[in-house]
Structures are given as C-alpha cells and as structure tokens.
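A.B. asks: Below you will find the structure I want to go over with you.
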Amino acid sequence: MNIYATDWDVERAPGGIGERLLHIGRGLGGELLGATMFEVEPGYRGPYHIHYGNEELLLVVEGIVTVRTPDGEREAGRGELVLFRRGPEGLHALENRM
C-alpha cells in the first residue's frame, strides 16, 4: 500500500476528524493493526481524551497540527511522530488552526 497512491475510504463518522480517511490496517489485510490516516480539516478541534486499551501514535504527513497534552500545547509538523501512552499520562487532543 502506498498512502499517496491509494484511494481514500469514503466513510465518515458524524463529528469525525475529516472528510477523508484511509483504513491502513484493514487495507493491508491486518486483523489487529489499528492504523487509520485522517485528513484533519482546518478549524478541527478534537476532544481532550484518554485511551486505556492501547497507545496512540501520531504521524504528521503534511501541514502542522497543535497537540495538547498535560504538559501544555505544542505544534507538530511534517514528519513528526508523537506517542500518546495509555491512561492519564497519554491525555491528548489535536487541533488544526490553519
């Protein structure tokens, strides 16, 4: 799979992150890989939330996203990886201020 050459999935959950998303884990035939790519729309402000069952990895493919954690806010740009741990230490939210 090439993320730049693959058609985006058309599904969108109400109140979701963006108009386009790509289920990478499913597209690769994975059974337990939870990997999804989202296009985060300008003005999007996600909820401050926690994951208890798994960690979450953010990879910024293009643009800049504001990342909020218990340590404060910071911007993450193209190519950056951010790990959100399970439980309260991994509390996080994403915002596209562009």
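A note on labels: chains of the structure tokens are A, B, ... as shown, every chain counts residues from 1, and ligands are counted from 1 in their shown order.
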Report as JSON lines the residues of stretch 25-55 of chain A within 7 Å of stretch 85-88 of chain A, each with its shortest atom pair and distance in Å (one decimal), using only C-alpha atoms, ordered by chain and increasing residue number.

C.D. replies:
{"residue": "A:Ile50", "atom": "CA", "partner": "A:Gly87", "partner_atom": "CA", "distance": 5.9}
{"residue": "A:His51", "atom": "CA", "partner": "A:Arg86", "partner_atom": "CA", "distance": 5.3}
{"residue": "A:Tyr52", "atom": "CA", "partner": "A:Arg86", "partner_atom": "CA", "distance": 5.0}
{"residue": "A:Gly53", "atom": "CA", "partner": "A:Arg86", "partner_atom": "CA", "distance": 6.8}
{"residue": "A:Asn54", "atom": "CA", "partner": "A:Arg86", "partner_atom": "CA", "distance": 5.8}
{"residue": "A:Glu55", "atom": "CA", "partner": "A:Arg85", "partner_atom": "CA", "distance": 4.7}

A.B. asks: Write out, as an mmCIF file, in the first residue's frame, the residues just selected, with C-alpha atoms.

C.D. replies:
data_model
loop_
_atom_site.group_PDB
_atom_site.id
_atom_site.type_symbol
_atom_site.label_atom_id
_atom_site.label_comp_id
_atom_site.auth_asym_id
_atom_site.auth_seq_id
_atom_site.Cartn_x
_atom_site.Cartn_y
_atom_site.Cartn_z
ATOM 1 C CA ILE A 50 -7.521 9.133 27.010
ATOM 2 C CA HIS A 51 -7.012 5.621 25.642
ATOM 3 C CA TYR A 52 -6.890 2.729 28.103
ATOM 4 C CA GLY A 53 -6.623 -0.244 25.739
ATOM 5 C CA ASN A 54 -3.747 0.936 23.577
ATOM 6 C CA GLU A 55 -1.215 3.669 22.935
#

A.B. asks: If you count only C-alpha atoms, which residues fall within 8 Å of A:Arg97, apart from same-chain ones fewer than 6 positions away, as a PDB file with all heavy atoms, in the first residue's frame?

C.D. replies:
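See result_16.pdb below for the written result:
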ATOM      1  N   PRO A  42      -9.256  22.163   8.348  1.00  0.00           N
ATOM      2  CA  PRO A  42      -8.984  23.441   9.016  1.00  0.00           C
ATOM      3  C   PRO A  42     -10.099  23.754  10.014  1.00  0.00           C
ATOM      4  O   PRO A  42     -11.279  23.555   9.728  1.00  0.00           O
ATOM      5  CB  PRO A  42      -8.979  24.455   7.873  1.00  0.00           C
ATOM      6  CG  PRO A  42      -8.624  23.643   6.666  1.00  0.00           C
ATOM      7  CD  PRO A  42      -9.262  22.292   6.890  1.00  0.00           C
ATOM      8  N   GLY A  43      -9.712  24.200  11.197  1.00  0.00           N
ATOM      9  CA  GLY A  43     -10.684  24.534  12.228  1.00  0.00           C
ATOM     10  C   GLY A  43     -11.062  23.369  13.125  1.00  0.00           C
ATOM     11  O   GLY A  43     -11.746  23.555  14.128  1.00  0.00           O
ATOM     12  N   TYR A  44     -10.613  22.158  12.782  1.00  0.00           N
ATOM     13  CA  TYR A  44     -10.948  20.992  13.603  1.00  0.00           C
ATOM     14  C   TYR A  44     -10.330  21.133  14.988  1.00  0.00           C
ATOM     15  O   TYR A  44      -9.167  21.498  15.134  1.00  0.00           O
ATOM     16  CB  TYR A  44     -10.442  19.695  12.959  1.00  0.00           C
ATOM     17  CG  TYR A  44     -10.596  18.496  13.866  1.00  0.00           C
ATOM     18  CD1 TYR A  44     -11.824  17.869  13.997  1.00  0.00           C
ATOM     19  CD2 TYR A  44      -9.529  18.025  14.617  1.00  0.00           C
ATOM     20  CE1 TYR A  44     -11.986  16.781  14.855  1.00  0.00           C
ATOM     21  CE2 TYR A  44      -9.673  16.945  15.471  1.00  0.00           C
ATOM     22  CZ  TYR A  44     -10.904  16.330  15.584  1.00  0.00           C
ATOM     23  OH  TYR A  44     -11.056  15.272  16.438  1.00  0.00           O
ATOM     24  N   VAL A  65      -0.098  20.535  13.065  1.00  0.00           N
ATOM     25  CA  VAL A  65      -1.215  20.288  13.973  1.00  0.00           C
ATOM     26  C   VAL A  65      -0.779  20.716  15.368  1.00  0.00           C
ATOM     27  O   VAL A  65       0.390  20.569  15.734  1.00  0.00           O
ATOM     28  CB  VAL A  65      -1.661  18.806  13.937  1.00  0.00           C
ATOM     29  CG1 VAL A  65      -0.583  17.894  14.453  1.00  0.00           C
ATOM     30  CG2 VAL A  65      -2.953  18.597  14.686  1.00  0.00           C
ATOM     31  N   THR A  66      -1.707  21.309  16.122  1.00  0.00           N
ATOM     32  CA  THR A  66      -1.426  21.667  17.510  1.00  0.00           C
ATOM     33  C   THR A  66      -1.792  20.479  18.382  1.00  0.00           C
ATOM     34  O   THR A  66      -2.895  19.947  18.287  1.00  0.00           O
ATOM     35  CB  THR A  66      -2.228  22.912  17.934  1.00  0.00           C
ATOM     36  OG1 THR A  66      -1.873  23.998  17.069  1.00  0.00           O
ATOM     37  CG2 THR A  66      -1.929  23.299  19.369  1.00  0.00           C
TER      38      THR A  66
END

A.B. asks: Using DSSP on the backbone coordinates, identify the residues of chain A assigned to strand (DSSP E or B); present them as a PDB file with N, CA, C and O atoms, in the first residue's frame.

C.D. replies:
ATOM      1  N   ASP A   9     -10.814   6.006   1.820  1.00  0.00           N
ATOM      2  CA  ASP A   9     -12.104   5.400   2.119  1.00  0.00           C
ATOM      3  C   ASP A   9     -13.142   6.528   2.156  1.00  0.00           C
ATOM      4  O   ASP A   9     -12.819   7.652   2.513  1.00  0.00           O
ATOM      5  N   LEU A  21     -10.682   9.613   5.113  1.00  0.00           N
ATOM      6  CA  LEU A  21      -9.868   8.763   5.971  1.00  0.00           C
ATOM      7  C   LEU A  21      -9.502   7.505   5.209  1.00  0.00           C
ATOM      8  O   LEU A  21     -10.159   7.132   4.244  1.00  0.00           O
ATOM      9  N   LEU A  22      -8.426   6.878   5.632  1.00  0.00           N
ATOM     10  CA  LEU A  22      -7.922   5.677   4.986  1.00  0.00           C
ATOM     11  C   LEU A  22      -7.611   4.647   6.065  1.00  0.00           C
ATOM     12  O   LEU A  22      -6.795   4.898   6.954  1.00  0.00           O
ATOM     13  N   HIS A  23      -8.289   3.502   6.011  1.00  0.00           N
ATOM     14  CA  HIS A  23      -8.054   2.422   6.970  1.00  0.00           C
ATOM     15  C   HIS A  23      -6.824   1.629   6.514  1.00  0.00           C
ATOM     16  O   HIS A  23      -6.932   0.735   5.685  1.00  0.00           O
ATOM     17  N   THR A  36      -5.139   4.152  11.059  1.00  0.00           N
ATOM     18  CA  THR A  36      -6.028   4.909  10.195  1.00  0.00           C
ATOM     19  C   THR A  36      -5.404   6.258   9.921  1.00  0.00           C
ATOM     20  O   THR A  36      -4.863   6.899  10.825  1.00  0.00           O
ATOM     21  N   MET A  37      -5.473   6.710   8.677  1.00  0.00           N
ATOM     22  CA  MET A  37      -4.967   8.023   8.304  1.00  0.00           C
ATOM     23  C   MET A  37      -6.160   8.955   8.103  1.00  0.00           C
ATOM     24  O   MET A  37      -7.118   8.597   7.420  1.00  0.00           O
ATOM     25  N   PHE A  38      -6.099  10.130   8.739  1.00  0.00           N
ATOM     26  CA  PHE A  38      -7.165  11.117   8.653  1.00  0.00           C
ATOM     27  C   PHE A  38      -6.649  12.388   8.022  1.00  0.00           C
ATOM     28  O   PHE A  38      -5.513  12.794   8.261  1.00  0.00           O
ATOM     29  N   ARG A  45     -11.119  20.850  16.003  1.00  0.00           N
ATOM     30  CA  ARG A  45     -10.628  20.842  17.381  1.00  0.00           C
ATOM     31  C   ARG A  45     -11.170  19.587  18.045  1.00  0.00           C
ATOM     32  O   ARG A  45     -12.362  19.487  18.315  1.00  0.00           O
ATOM     33  N   HIS A  49      -8.818  13.609  25.336  1.00  0.00           N
ATOM     34  CA  HIS A  49      -9.243  12.249  25.654  1.00  0.00           C
ATOM     35  C   HIS A  49      -8.084  11.330  26.019  1.00  0.00           C
ATOM     36  O   HIS A  49      -6.921  11.662  25.807  1.00  0.00           O
ATOM     37  N   GLU A  56      -1.407   5.454  21.331  1.00  0.00           N
ATOM     38  CA  GLU A  56      -1.722   6.053  20.029  1.00  0.00           C
ATOM     39  C   GLU A  56      -0.478   6.740  19.498  1.00  0.00           C
ATOM     40  O   GLU A  56       0.266   7.371  20.261  1.00  0.00           O
ATOM     41  N   LEU A  57      -0.256   6.599  18.198  1.00  0.00           N
ATOM     42  CA  LEU A  57       0.877   7.236  17.546  1.00  0.00           C
ATOM     43  C   LEU A  57       0.350   8.230  16.527  1.00  0.00           C
ATOM     44  O   LEU A  57      -0.504   7.895  15.699  1.00  0.00           O
ATOM     45  N   LEU A  58       0.851   9.438  16.586  1.00  0.00           N
ATOM     46  CA  LEU A  58       0.510  10.472  15.611  1.00  0.00           C
ATOM     47  C   LEU A  58       1.699  10.658  14.686  1.00  0.00           C
ATOM     48  O   LEU A  58       2.827  10.845  15.153  1.00  0.00           O
ATOM     49  N   LEU A  59       1.467  10.585  13.387  1.00  0.00           N
ATOM     50  CA  LEU A  59       2.468  10.901  12.368  1.00  0.00           C
ATOM     51  C   LEU A  59       1.883  12.011  11.514  1.00  0.00           C
ATOM     52  O   LEU A  59       0.825  11.841  10.912  1.00  0.00           O
ATOM     53  N   ILE A  64       0.682  21.305   9.739  1.00  0.00           N
ATOM     54  CA  ILE A  64       1.026  21.496  11.145  1.00  0.00           C
ATOM     55  C   ILE A  64      -0.234  21.259  11.968  1.00  0.00           C
ATOM     56  O   ILE A  64      -1.310  21.738  11.613  1.00  0.00           O
ATOM     57  N   VAL A  65      -0.098  20.535  13.065  1.00  0.00           N
ATOM     58  CA  VAL A  65      -1.215  20.288  13.973  1.00  0.00           C
ATOM     59  C   VAL A  65      -0.779  20.716  15.368  1.00  0.00           C
ATOM     60  O   VAL A  65       0.390  20.569  15.734  1.00  0.00           O
ATOM     61  N   THR A  66      -1.707  21.309  16.122  1.00  0.00           N
ATOM     62  CA  THR A  66      -1.426  21.667  17.510  1.00  0.00           C
ATOM     63  C   THR A  66      -1.792  20.479  18.382  1.00  0.00           C
ATOM     64  O   THR A  66      -2.895  19.947  18.287  1.00  0.00           O
ATOM     65  N   VAL A  67      -0.857  20.056  19.206  1.00  0.00           N
ATOM     66  CA  VAL A  67      -1.024  18.899  20.084  1.00  0.00           C
ATOM     67  C   VAL A  67      -1.116  19.403  21.517  1.00  0.00           C
ATOM     68  O   VAL A  67      -0.227  20.118  21.990  1.00  0.00           O
ATOM     69  N   ARG A  68      -2.189  19.034  22.199  1.00  0.00           N
ATOM     70  CA  ARG A  68      -2.370  19.399  23.611  1.00  0.00           C
ATOM     71  C   ARG A  68      -2.192  18.147  24.462  1.00  0.00           C
ATOM     72  O   ARG A  68      -2.794  17.115  24.183  1.00  0.00           O
ATOM     73  N   THR A  69      -1.349  18.241  25.495  1.00  0.00           N
ATOM     74  CA  THR A  69      -1.117  17.152  26.447  1.00  0.00           C
ATOM     75  C   THR A  69      -1.116  17.764  27.855  1.00  0.00           C
ATOM     76  O   THR A  69      -1.188  18.999  27.985  1.00  0.00           O
ATOM     77  N   GLY A  72       1.076  20.772  28.252  1.00  0.00           N
ATOM     78  CA  GLY A  72       0.788  22.010  27.542  1.00  0.00           C
ATOM     79  C   GLY A  72       0.532  21.759  26.063  1.00  0.00           C
ATOM     80  O   GLY A  72       0.231  20.633  25.657  1.00  0.00           O
ATOM     81  N   GLU A  73       0.682  22.813  25.265  1.00  0.00           N
ATOM     82  CA  GLU A  73       0.466  22.713  23.821  1.00  0.00           C
ATOM     83  C   GLU A  73       1.775  22.901  23.075  1.00  0.00           C
ATOM     84  O   GLU A  73       2.658  23.621  23.530  1.00  0.00           O
ATOM     85  N   ARG A  74       1.847  22.247  21.909  1.00  0.00           N
ATOM     86  CA  ARG A  74       2.982  22.455  21.011  1.00  0.00           C
ATOM     87  C   ARG A  74       2.535  22.116  19.602  1.00  0.00           C
ATOM     88  O   ARG A  74       1.540  21.418  19.404  1.00  0.00           O
ATOM     89  N   GLU A  75       3.256  22.623  18.641  1.00  0.00           N
ATOM     90  CA  GLU A  75       2.954  22.315  17.251  1.00  0.00           C
ATOM     91  C   GLU A  75       3.806  21.140  16.791  1.00  0.00           C
ATOM     92  O   GLU A  75       4.970  21.013  17.175  1.00  0.00           O
ATOM     93  N   ALA A  76       3.206  20.287  15.985  1.00  0.00           N
ATOM     94  CA  ALA A  76       3.919  19.171  15.365  1.00  0.00           C
ATOM     95  C   ALA A  76       3.776  19.355  13.854  1.00  0.00           C
ATOM     96  O   ALA A  76       2.666  19.585  13.360  1.00  0.00           O
ATOM     97  N   GLY A  77       4.890  19.270  13.145  1.00  0.00           N
ATOM     98  CA  GLY A  77       4.884  19.498  11.706  1.00  0.00           C
ATOM     99  C   GLY A  77       5.234  18.246  10.919  1.00  0.00           C
ATOM    100  O   GLY A  77       5.452  17.168  11.474  1.00  0.00           O
ATOM    101  N   LEU A  81       6.627  12.547  14.746  1.00  0.00           N
ATOM    102  CA  LEU A  81       5.918  11.455  15.407  1.00  0.00           C
ATOM    103  C   LEU A  81       5.710  11.835  16.867  1.00  0.00           C
ATOM    104  O   LEU A  81       6.619  12.360  17.514  1.00  0.00           O
ATOM    105  N   VAL A  82       4.498  11.580  17.372  1.00  0.00           N
ATOM    106  CA  VAL A  82       4.188  11.851  18.772  1.00  0.00           C
ATOM    107  C   VAL A  82       3.499  10.614  19.337  1.00  0.00           C
ATOM    108  O   VAL A  82       2.555  10.096  18.734  1.00  0.00           O
ATOM    109  N   LEU A  83       3.971  10.134  20.485  1.00  0.00           N
ATOM    110  CA  LEU A  83       3.393   8.971  21.144  1.00  0.00           C
ATOM    111  C   LEU A  83       2.505   9.428  22.294  1.00  0.00           C
ATOM    112  O   LEU A  83       2.925  10.253  23.110  1.00  0.00           O
ATOM    113  N   PHE A  84       1.298   8.880  22.356  1.00  0.00           N
ATOM    114  CA  PHE A  84       0.397   9.121  23.479  1.00  0.00           C
ATOM    115  C   PHE A  84       0.244   7.795  24.217  1.00  0.00           C
ATOM    116  O   PHE A  84      -0.280   6.825  23.660  1.00  0.00           O
ATOM    117  N   HIS A  92      -4.678  13.616  25.555  1.00  0.00           N
ATOM    118  CA  HIS A  92      -4.286  14.449  24.416  1.00  0.00           C
ATOM    119  C   HIS A  92      -5.483  14.938  23.606  1.00  0.00           C
ATOM    120  O   HIS A  92      -6.581  14.399  23.696  1.00  0.00           O
ATOM    121  N   ALA A  93      -5.225  15.961  22.830  1.00  0.00           N
ATOM    122  CA  ALA A  93      -6.193  16.500  21.865  1.00  0.00           C
ATOM    123  C   ALA A  93      -5.408  17.075  20.696  1.00  0.00           C
ATOM    124  O   ALA A  93      -4.255  17.487  20.851  1.00  0.00           O
ATOM    125  N   LEU A  94      -6.039  17.097  19.543  1.00  0.00           N
ATOM    126  CA  LEU A  94      -5.430  17.651  18.319  1.00  0.00           C
ATOM    127  C   LEU A  94      -6.280  18.794  17.796  1.00  0.00           C
ATOM    128  O   LEU A  94      -7.508  18.760  17.909  1.00  0.00           O
ATOM    129  N   GLU A  95      -5.619  19.785  17.216  1.00  0.00           N
ATOM    130  CA  GLU A  95      -6.327  20.926  16.643  1.00  0.00           C
ATOM    131  C   GLU A  95      -5.613  21.388  15.377  1.00  0.00           C
ATOM    132  O   GLU A  95      -4.391  21.452  15.345  1.00  0.00           O
TER     133      GLU A  95
END

A.B. asks: Could you pull out the residues in stretch 5-95 of chain A that DSSP calls helix (DSSP H, G or I) from the backbone, as a ChimeraX atom specification?

C.D. replies: /A:24-27,88-90

A.B. asks: One number please: atom CA of A:Glu39 to atom CA of A:Arg26, in Å, one decimal.

C.D. replies: 17.5 Å

A.B. asks: Excluding A:Val60 and any residue of its chain fewer than 2 positions from it, enumerate the residues within 6 Å of it, using only C-alpha atoms, and give them as a PyMOL selection string.

C.D. replies: chain A and resi 62+78-80

A.B. asks: May I have the selected residues written with C-alpha atoms, as a compact mmCIF listing (two decimals), in the first residue's frame?

C.D. replies:
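File produced: selection-v4.txt:
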# COMPACT_ATOMS: atom_id res chain seq x y z
CA GLU A 62 1.70 17.26 5.80
CA ARG A 78 5.55 17.36 8.66
CA GLY A 79 7.36 14.13 9.51
CA GLU A 80 6.98 14.42 13.29

A.B. asks: Considering only C-alpha atoms, can you say which of A:Val40, A:Val10, A:Ile17, A:Met1 comes closest to A:Met98?

C.D. replies: A:Val40

A.B. asks: Which residue out of A:Asn96, A:Glu41, A:Glu19, A:Gly25 has the minimum interatomic distance to A:Ile3 when only C-alpha atoms are used?

C.D. replies: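 Using only C-alpha atoms, the shortest distance to A:Ile3 belongs to A:Gly25.
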
A.B. asks: Could you tell me how far atom CA of A:Gly90 sits from atom CA of A:Glu31, in Å to one decimal place?

C.D. replies: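 Atom-to-atom, atom CA of A:Glu31 and atom CA of A:Gly90 are spaced 24.6 Å apart.
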